[in-house]
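**Q** Please see the structure below; I have some questions.
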Amino acid sequence: MMMTHIPLITTTGRTDPNPGDTFIGMGLQHLFEQALGPQVWVLIDRFSPKGFRDYEAVVRDSPFLVYGGMPQYNNYDDWKHWYDDAMWRDFIIRWRLKIFTMAGGAGFSHPDISIDAYVLHCTRSKKTERIIRQRVEPSLCITVRDAYAHALLNALDIPNSYLPCAAVWASKMWNIEPTQQRPYLILVPPSPRHTPKRVGRRRIPRRRRFQQFADSWKNFYATLKQNGHNVRILCHAYREYTVLRDAIPPEALWFHGDPYTLLRQYASAHTVVSARLHGSLPAYGICGTRVLNISVDVRGAAVEVFPKIRNLRISDATPDTLLSTIDQLEPSTSEDFRAPEEAYQELIQSSLLSKRK
């Protein structure tokens with residue numbers, strides 16, 4: 001039997017400094033295969049037109065494409081990338097493709113804006129509305145991963161489904177199970193670029209900012225260790241690893257190397273405290289993990305679809321706050337994912353049936 005290729009537009013890199021896109025893609029593959037059975041996937045990099053050009057025949061012949069990645073919804077007068085509009089205009093719309101637009105989230109530079117203020121900020125921009133609306137006709141369905149993006153599309157009267165980010169299911173695609181012994185509490189720092197750059201009008205020098213970053217995470221590590229936790233700091237990117245290398249004992253400082261290794265390291269933790277959204281969500285997807293998310297910007301709202309995940313703004317994260325919040329965490333169970341996975345399956349299947357009609 002001839003197999004159909006399904007283009008998956010996320011990332012193609014295994015050593016990319018942002019493994020979150022890999023986790024989103026792996027989770028989407030799992031969800032689509034649960035709904036439709038095994039597929040033959042063609043990976044397309046969403047950051048460049050090269051994949052569309054290299055695989056033009058495959059892309060044009062595919063019954064549908066799957067697009068996942070975030071953020072997909074922000075004020076495009078603030079910033080805009082190739083995949084926000086040119087990818088749609090030059091390929092998806094021009095080639096009359098049909099696409100599943102999945103796991104889109106809000107983009108804003110800090111976590112303190114309200115949902116209403118975010119929607120107002122985005123809808124004031126005519127460019128933003130035009131860019132978002134051009135995606136509607138090619139999309140078989142649209143899913144969003146946080147309440148901000150959900151409210152924005154609702155305000156534009158664009159049908160959408162609010163479901164957990166697909167990255168939650170990344171470990172399922174790779175058949176990664178919890179290790180028999182789970183001795184660690186894992187701390188996941190953000191990129192050092194999230195360290196405040198100014199005090200009032202005065203700019204903080206880069207070296208001092210990085211020192212503040214190292215001191216802050218060293219303090220978290222030391223406090224948790226002193227309170228009896230077997231702590232490891234797990235870096236998603238090499239930049240924070242280099243900044244922390246002189247502050248944290250080498251046996252307690254891990255660098256992932258690749259997304260598969262990273263997930264296996266999460267599988268050895270009973271608790272994860274993560275300032276990276278795509279540390280929190282894939283870790284929670286490994287059953288039995290307790291998760292505290294630290295939000296560095298509005299994207300952190302994506303964890304709130306799971307009430308057991310506690311969410312702190314980074315400005316509120318102190319060693320004492322971490323200690324008290326960790327004590328209140330509950331581990332994930334398979335029941336947490338059953339209903340949203342069924343909702344994904346039903347949506348995928350019904351969207352394809354509607355296309356055939």
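So you can find residues: chains in the structure tokens are A, B, ... in the order shown, residues in each start at 1, and ligands are numbered from 1 in order.
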Would you list the contacts of segment 282-289 of chain A as a PyMOL selection string, taking every protein, DNA or RNA residue within 8 Å and counting only C-alpha atoms, but skipping same-chain residues closer than 5 positions in sequence?

**A** chain A and resi 23+167-171+176-178+263+266-267+269-272+330-334+337

**Q** Give me the residues near Ala147 of chain A as a list in words, where near means some atom within 12 Å (using only C-alpha atoms) and where sequence neighbours in that chain fewer than 6 positions away do not count.

**A**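 In the requested form, the answer reads Tyr73, Ala103, Gly104, Gly105, Ala106, Gly107, Ser114, Ile115, Asp116, Tyr118, Val119, Leu153, Asn154, Asn160, Ser161, Tyr162, Leu163, Pro164, Cys165, Val298, Arg299, Gly300, Ala301, Ala302, Val303, Glu304 and Val305 of chain A.
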
**Q** Could you please determine the separation between atom CA of Arg209 of chain A and atom CA of Ala222 of chain A in Å, to one decimal place?

**A** 19.9 Å

**Q** Quick one: distance from atom CA of Leu352 of chain A to atom CA of Gly27 of chain A in Å, one decimal?

**A**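 Taking atom CA of Leu352 of chain A as the start and atom CA of Gly27 of chain A as the end point, the length is 19.2 Å.
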
**Q** In terms of the shortest atom-to-atom distance over only C-alpha atoms, which of A:Tyr148, A:Thr12, A:Ser62, A:Arg290 is closest to Ile186 of chain A?

**A** A:Arg290

**Q** Between atom CA of Ile309 of chain A and atom CA of Asp215 of chain A, what is the distance in Å, rounded to a tenth?

**A**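 Taking atom CA of Ile309 of chain A as the start and atom CA of Asp215 of chain A as the end point, the length is 25.9 Å.
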
**Q** Can you list, as an MDAnalysis selection string, every protein, DNA or RNA residue that comes within 12 Å of Trp88 of chain A when you count only C-alpha atoms, leaving out same-chain residues fewer than 2 positions away?

**A** chainID A and resid 9 46 49 52 65 67 81:86 90:99 101 131:139

**Q** May I have the residues from that selection written out with C-alpha atoms, as a PDB file, in the first residue's frame?

**A**
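Wrote it out as part_29.pdb, contents follow:
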ATOM      1  CA  ILE A   9       6.028  22.299  10.131  1.00  0.00           C
ATOM      2  CA  ARG A  46       9.142  26.770  10.054  1.00  0.00           C
ATOM      3  CA  PRO A  49      11.252  28.703   3.045  1.00  0.00           C
ATOM      4  CA  PHE A  52       8.826  24.110   1.195  1.00  0.00           C
ATOM      5  CA  LEU A  65      -0.100  19.770   6.574  1.00  0.00           C
ATOM      6  CA  TYR A  67       1.742  23.297  11.755  1.00  0.00           C
ATOM      7  CA  HIS A  81       8.725  36.526  11.692  1.00  0.00           C
ATOM      8  CA  TRP A  82       8.778  34.810   8.307  1.00  0.00           C
ATOM      9  CA  TYR A  83       6.389  32.087   9.483  1.00  0.00           C
ATOM     10  CA  ASP A  84       3.804  34.618  10.681  1.00  0.00           C
ATOM     11  CA  ASP A  85       2.747  35.830   7.248  1.00  0.00           C
ATOM     12  CA  ALA A  86       5.174  35.082   4.378  1.00  0.00           C
ATOM     13  CA  ASP A  90       3.920  32.495  -0.423  1.00  0.00           C
ATOM     14  CA  PHE A  91       3.218  28.803   0.064  1.00  0.00           C
ATOM     15  CA  ILE A  92       0.128  27.709   1.982  1.00  0.00           C
ATOM     16  CA  ILE A  93      -2.337  30.128   0.385  1.00  0.00           C
ATOM     17  CA  ARG A  94      -0.679  30.288  -3.028  1.00  0.00           C
ATOM     18  CA  TRP A  95      -0.491  26.496  -3.297  1.00  0.00           C
ATOM     19  CA  ARG A  96      -4.057  26.128  -1.926  1.00  0.00           C
ATOM     20  CA  LEU A  97      -2.970  23.802   0.842  1.00  0.00           C
ATOM     21  CA  LYS A  98      -5.033  22.628   3.794  1.00  0.00           C
ATOM     22  CA  ILE A  99      -3.410  22.759   7.190  1.00  0.00           C
ATOM     23  CA  THR A 101      -2.975  25.076  12.772  1.00  0.00           C
ATOM     24  CA  ILE A 131      -2.281  38.405   9.289  1.00  0.00           C
ATOM     25  CA  ILE A 132      -4.390  36.233  11.597  1.00  0.00           C
ATOM     26  CA  ARG A 133      -7.434  36.273   9.329  1.00  0.00           C
ATOM     27  CA  GLN A 134      -5.488  35.105   6.273  1.00  0.00           C
ATOM     28  CA  ARG A 135      -4.835  31.802   8.090  1.00  0.00           C
ATOM     29  CA  VAL A 136      -8.488  30.975   8.623  1.00  0.00           C
ATOM     30  CA  GLU A 137      -9.546  29.688   5.194  1.00  0.00           C
ATOM     31  CA  PRO A 138      -6.622  27.215   4.752  1.00  0.00           C
ATOM     32  CA  SER A 139      -6.969  25.898   8.324  1.00  0.00           C
TER      33      SER A 139
END

**Q** What residues in segment 29-250 of chain A get the DSSP label helix (DSSP H, G or I)? Please answer as a ChimeraX atom specification.

**A** /A:29-36,50-54,56-61,82-93,115-123,126-133,147-155,166-173,192-194,206-226,238-244,250

**Q** Show which residues sit within 10 Å of Ser216 of chain A, as a list in words. Count only C-alpha atoms, and ignore same-chain residues fewer than 4 positions away.

**A**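 Non-adjacent residues within range: Pro189, Thr195, Phe210, Gln211, Gln212, Phe220, Tyr221, Ala247, Ala317, Thr318 and Pro319 of chain A.
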
**Q** Hey, which of A:Pro259, A:Pro249, A:Gly279, A:Pro71 ends up closest to Val188 of chain A? Count only C-alpha atoms.

**A**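 Of A:Pro259, A:Pro249, A:Gly279, A:Pro71, the one nearest Val188 of chain A is A:Gly279, counting only C-alpha atoms.
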
**Q** Near segment 276-278 of chain A, counting only C-alpha atoms, which residues have an atom at most 6 Å away, once you skip same-chain residues fewer than 3 positions from it, shown as a PDB file with N, CA and C atoms, in the first residue's frame?

**A**
ATOM      1  N   GLY A  20      11.929  23.216  22.656  1.00  0.00           N
ATOM      2  CA  GLY A  20      10.480  23.263  22.780  1.00  0.00           C
ATOM      3  C   GLY A  20       9.755  22.970  21.483  1.00  0.00           C
ATOM      4  N   PRO A 190      15.828  29.807  32.960  1.00  0.00           N
ATOM      5  CA  PRO A 190      15.505  30.368  31.639  1.00  0.00           C
ATOM      6  C   PRO A 190      16.789  30.778  30.932  1.00  0.00           C
ATOM      7  N   LEU A 281       5.933  21.585  30.693  1.00  0.00           N
ATOM      8  CA  LEU A 281       4.889  20.770  30.058  1.00  0.00           C
ATOM      9  C   LEU A 281       5.358  19.361  29.703  1.00  0.00           C
ATOM     10  N   GLY A 300       3.945  31.515  29.828  1.00  0.00           N
ATOM     11  CA  GLY A 300       3.777  30.621  30.966  1.00  0.00           C
ATOM     12  C   GLY A 300       2.328  30.310  31.294  1.00  0.00           C
TER      13      GLY A 300
END
